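Below is one structure, written out as C-alpha cells; the observations come after it.
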Amino acid sequence: MTKIAIFGVGLMGGSLALCFKGKPGLTVVGHSVRESSATKYMERGVVDYATTSMHDAAEGADFIFLCVPVGNLEQYVRELSAMKLKPGCIITDVGSTKASVALTASRLFGKDVTFIGGHPMAGSERSGVEAASSYLFENAFYVLTPAAGTPSSDVD
C-alpha cells in the first residue's frame, strides 16, 4: 500500500487528495494543526484518514505533499527533517516560490529522502477544503523543480 500524506488539505491539498483517494493501492492521510479541520476532511470524504499529529501523518509515507502557505513551508521541512522518514520518501510542495524551501530541504534531508519542488498551475478564487475538486488539475501544467542530481526515477 502506498501512503500519501498531505499537509494542508485546503484547495490544493484537498484537490490532490481527491485525485488520489479511492485509487487501488493508495492510502491518503490528511494533516491539519486543528482538530476541527481534520474532522472536516473526514466528514467530506476527502482523505482516508486525518490527524493533527505530524508524526502520524509522515510515518511510513511514500510521498509527502506540503500544501501549506508558502511562509510555513520551511518550518514544515525542518520538522519533517527531524523525523525518521521512510527511506525513499519523496517530499514535494505546491508553493509558488522555491528558492528558500529548496535550499532548506537540501541542507536538511539526507540521501534517503528526496525533495522535489512543485508548482501546479491551477487554482480558484475560492479557498479551503470546501473548494477542493478532483478536476482542479485537469489539463493544467504541474511544474516540478528537482535539484541537480535528483535521480530521474524519483522525478518520474
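Each chain in the C-alpha cells gets a letter, A, B and so on, in the order shown; residues start at 1 in every chain, and ligands are counted from 1 in the order they appear.
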All residues 12 Å or closer to Glu138 in chain A, only C-alpha atoms, same chain fewer than 2 positions away omitted, as a list in words: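 So, after excluding close chain neighbours, the residues are Ser15, Leu16, Cys19, Pro120, Met121, Ala122, Gly123, Ser133, Ser134, Tyr135, Leu136, Ala140, Phe141 and Tyr142 of chain A.
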Just the residues within 9 Å of Leu11 in chain A, please, counting only C-alpha atoms, with nothing from its chain fewer than 6 positions along; format it as a PyMOL selection string. chain A and resi 67+123-124+126-133+136
With N, CA and C atoms kept, could you save the residues just selected as a PDB file, in the first residue's frame?
ATOM      1  N   CYS A  67       1.211  21.370   1.364  1.00  0.00           N
ATOM      2  CA  CYS A  67       0.229  22.272   0.751  1.00  0.00           C
ATOM      3  C   CYS A  67      -0.165  23.363   1.738  1.00  0.00           C
ATOM      4  N   GLY A 123      -5.755  26.759  -9.891  1.00  0.00           N
ATOM      5  CA  GLY A 123      -6.247  27.475  -8.725  1.00  0.00           C
ATOM      6  C   GLY A 123      -7.706  27.823  -8.875  1.00  0.00           C
ATOM      7  N   SER A 124      -8.167  28.621  -7.961  1.00  0.00           N
ATOM      8  CA  SER A 124      -9.567  29.021  -7.934  1.00  0.00           C
ATOM      9  C   SER A 124      -9.668  30.300  -7.116  1.00  0.00           C
ATOM     10  N   ARG A 126     -11.848  30.553  -4.967  1.00  0.00           N
ATOM     11  CA  ARG A 126     -12.310  30.040  -3.677  1.00  0.00           C
ATOM     12  C   ARG A 126     -11.148  29.381  -2.946  1.00  0.00           C
ATOM     13  N   SER A 127     -11.311  29.133  -1.660  1.00  0.00           N
ATOM     14  CA  SER A 127     -10.242  28.505  -0.891  1.00  0.00           C
ATOM     15  C   SER A 127     -10.841  27.506   0.089  1.00  0.00           C
ATOM     16  N   GLY A 128      -9.953  26.738   0.715  1.00  0.00           N
ATOM     17  CA  GLY A 128     -10.379  25.767   1.713  1.00  0.00           C
ATOM     18  C   GLY A 128     -10.773  24.442   1.090  1.00  0.00           C
ATOM     19  N   VAL A 129     -10.917  23.453   1.958  1.00  0.00           N
ATOM     20  CA  VAL A 129     -11.263  22.111   1.504  1.00  0.00           C
ATOM     21  C   VAL A 129     -12.639  22.097   0.830  1.00  0.00           C
ATOM     22  N   GLU A 130     -13.477  23.050   1.190  1.00  0.00           N
ATOM     23  CA  GLU A 130     -14.809  23.129   0.569  1.00  0.00           C
ATOM     24  C   GLU A 130     -14.715  23.401  -0.935  1.00  0.00           C
ATOM     25  N   ALA A 131     -13.632  24.034  -1.361  1.00  0.00           N
ATOM     26  CA  ALA A 131     -13.446  24.355  -2.778  1.00  0.00           C
ATOM     27  C   ALA A 131     -12.682  23.272  -3.530  1.00  0.00           C
ATOM     28  N   ALA A 132     -12.200  22.246  -2.824  1.00  0.00           N
ATOM     29  CA  ALA A 132     -11.417  21.187  -3.460  1.00  0.00           C
ATOM     30  C   ALA A 132     -12.231  20.455  -4.523  1.00  0.00           C
ATOM     31  N   SER A 133     -11.540  20.076  -5.593  1.00  0.00           N
ATOM     32  CA  SER A 133     -12.187  19.380  -6.703  1.00  0.00           C
ATOM     33  C   SER A 133     -11.218  18.394  -7.336  1.00  0.00           C
ATOM     34  N   LEU A 136      -9.512  19.981 -10.481  1.00  0.00           N
ATOM     35  CA  LEU A 136      -8.729  21.215 -10.445  1.00  0.00           C
ATOM     36  C   LEU A 136      -7.481  21.136 -11.323  1.00  0.00           C
TER      37      LEU A 136
END
Which neighbours of Gly22 in chain A fall inside 12 Å, counting only C-alpha atoms, when residues of the same chain fewer than 2 positions from it are skipped, and could you give them as a PyMOL selection string? chain A and resi 17-20+24-28+45-48+134
Would you mind reading off the distance between CA of Glu35 in chain A and CA of Leu73 in chain A, one decimal, in Å? 20.3 Å
Counting only C-alpha atoms, the option among A:Ala102, A:Val94, A:Cys89, A:Val155 closest to Asp62 in chain A: A:Cys89
What lies within 12 Å of Asp156 in chain A using only C-alpha atoms, ignoring chain neighbours under 5 positions off, as number ranges by chain? A: 90, 116, 144, 146, 150-151
Determine which residues of range 2-143 of chain A DSSP labels as alpha helix (DSSP H) from the backbone of this structure, then write them out as JSON, numbers by chain. {"A": [11, 12, 13, 14, 15, 16, 17, 18, 19, 20, 35, 36, 37, 38, 39, 40, 41, 42, 43, 54, 55, 56, 57, 58, 73, 74, 75, 76, 77, 78, 79, 80, 81, 99, 100, 101, 102, 103, 104, 105, 106, 107, 108]}
Quick one: write out the picked residues with C-alpha atoms as a PDB file, in the first residue's frame?
ATOM      1  CA  LEU A  11      -7.994  23.922  -2.140  1.00  0.00           C
ATOM      2  CA  MET A  12      -4.724  22.476  -3.470  1.00  0.00           C
ATOM      3  CA  GLY A  13      -4.155  19.722  -0.926  1.00  0.00           C
ATOM      4  CA  GLY A  14      -7.799  18.705  -0.943  1.00  0.00           C
ATOM      5  CA  SER A  15      -7.878  18.576  -4.730  1.00  0.00           C
ATOM      6  CA  LEU A  16      -4.757  16.390  -4.772  1.00  0.00           C
ATOM      7  CA  ALA A  17      -6.323  14.151  -2.128  1.00  0.00           C
ATOM      8  CA  LEU A  18      -9.470  13.753  -4.239  1.00  0.00           C
ATOM      9  CA  CYS A  19      -7.332  12.799  -7.247  1.00  0.00           C
ATOM     10  CA  PHE A  20      -5.643  10.023  -5.243  1.00  0.00           C
ATOM     11  CA  GLU A  35      -8.785  19.017  15.086  1.00  0.00           C
ATOM     12  CA  SER A  36     -11.863  20.698  13.584  1.00  0.00           C
ATOM     13  CA  SER A  37     -10.203  20.759  10.155  1.00  0.00           C
ATOM     14  CA  ALA A  38      -9.109  17.115  10.405  1.00  0.00           C
ATOM     15  CA  THR A  39     -12.692  16.203  11.284  1.00  0.00           C
ATOM     16  CA  LYS A  40     -13.950  18.202   8.306  1.00  0.00           C
ATOM     17  CA  TYR A  41     -11.615  16.328   5.925  1.00  0.00           C
ATOM     18  CA  MET A  42     -13.096  13.037   7.067  1.00  0.00           C
ATOM     19  CA  GLU A  43     -16.708  14.252   7.005  1.00  0.00           C
ATOM     20  CA  MET A  54       2.725  15.403  12.063  1.00  0.00           C
ATOM     21  CA  HIS A  55       4.456  12.203  13.121  1.00  0.00           C
ATOM     22  CA  ASP A  56       1.402  10.008  12.442  1.00  0.00           C
ATOM     23  CA  ALA A  57       0.869  11.625   9.049  1.00  0.00           C
ATOM     24  CA  ALA A  58       4.517  11.323   7.972  1.00  0.00           C
ATOM     25  CA  LEU A  73       6.996  25.613   4.143  1.00  0.00           C
ATOM     26  CA  GLU A  74      10.455  25.890   5.711  1.00  0.00           C
ATOM     27  CA  GLN A  75       9.054  25.198   9.183  1.00  0.00           C
ATOM     28  CA  TYR A  76       7.408  22.001   7.907  1.00  0.00           C
ATOM     29  CA  VAL A  77      10.624  20.938   6.163  1.00  0.00           C
ATOM     30  CA  ARG A  78      12.584  21.491   9.390  1.00  0.00           C
ATOM     31  CA  GLU A  79      10.072  19.496  11.443  1.00  0.00           C
ATOM     32  CA  LEU A  80       9.970  16.654   8.920  1.00  0.00           C
ATOM     33  CA  SER A  81      13.771  16.521   8.761  1.00  0.00           C
ATOM     34  CA  ALA A  99      14.479  29.006  -3.606  1.00  0.00           C
ATOM     35  CA  SER A 100      14.149  29.211   0.169  1.00  0.00           C
ATOM     36  CA  VAL A 101      12.331  25.912   0.779  1.00  0.00           C
ATOM     37  CA  ALA A 102      14.547  24.042  -1.710  1.00  0.00           C
ATOM     38  CA  LEU A 103      17.699  25.356  -0.043  1.00  0.00           C
ATOM     39  CA  THR A 104      16.409  24.397   3.407  1.00  0.00           C
ATOM     40  CA  ALA A 105      15.461  20.911   2.168  1.00  0.00           C
ATOM     41  CA  SER A 106      18.849  20.391   0.502  1.00  0.00           C
ATOM     42  CA  ARG A 107      20.601  21.183   3.781  1.00  0.00           C
ATOM     43  CA  LEU A 108      18.398  19.017   5.972  1.00  0.00           C
TER      44      LEU A 108
END
With DSSP run on the backbone, what are the strand (DSSP E) residues within chain A? I'd like them as a ChimeraX atom specification. /A:2-7,26-31,49-51,63-66,90-93,114-120,142-146
Between CA of Lys3 in chain A and CA of Val29 in chain A, measure the distance and give it in Å to one decimal.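 Rounded to one decimal, the two atoms are 7.4 Å apart.
Across the model, the gap from CA of Phe109 in chain A to CA of Pro69 in chain A is 20.8 Å.
The nearest approach to Val9 in chain A among the residues A:Lys86, A:Phe63, A:Val113, A:Arg34, with only C-alpha atoms taken into account, belongs to A:Arg34.
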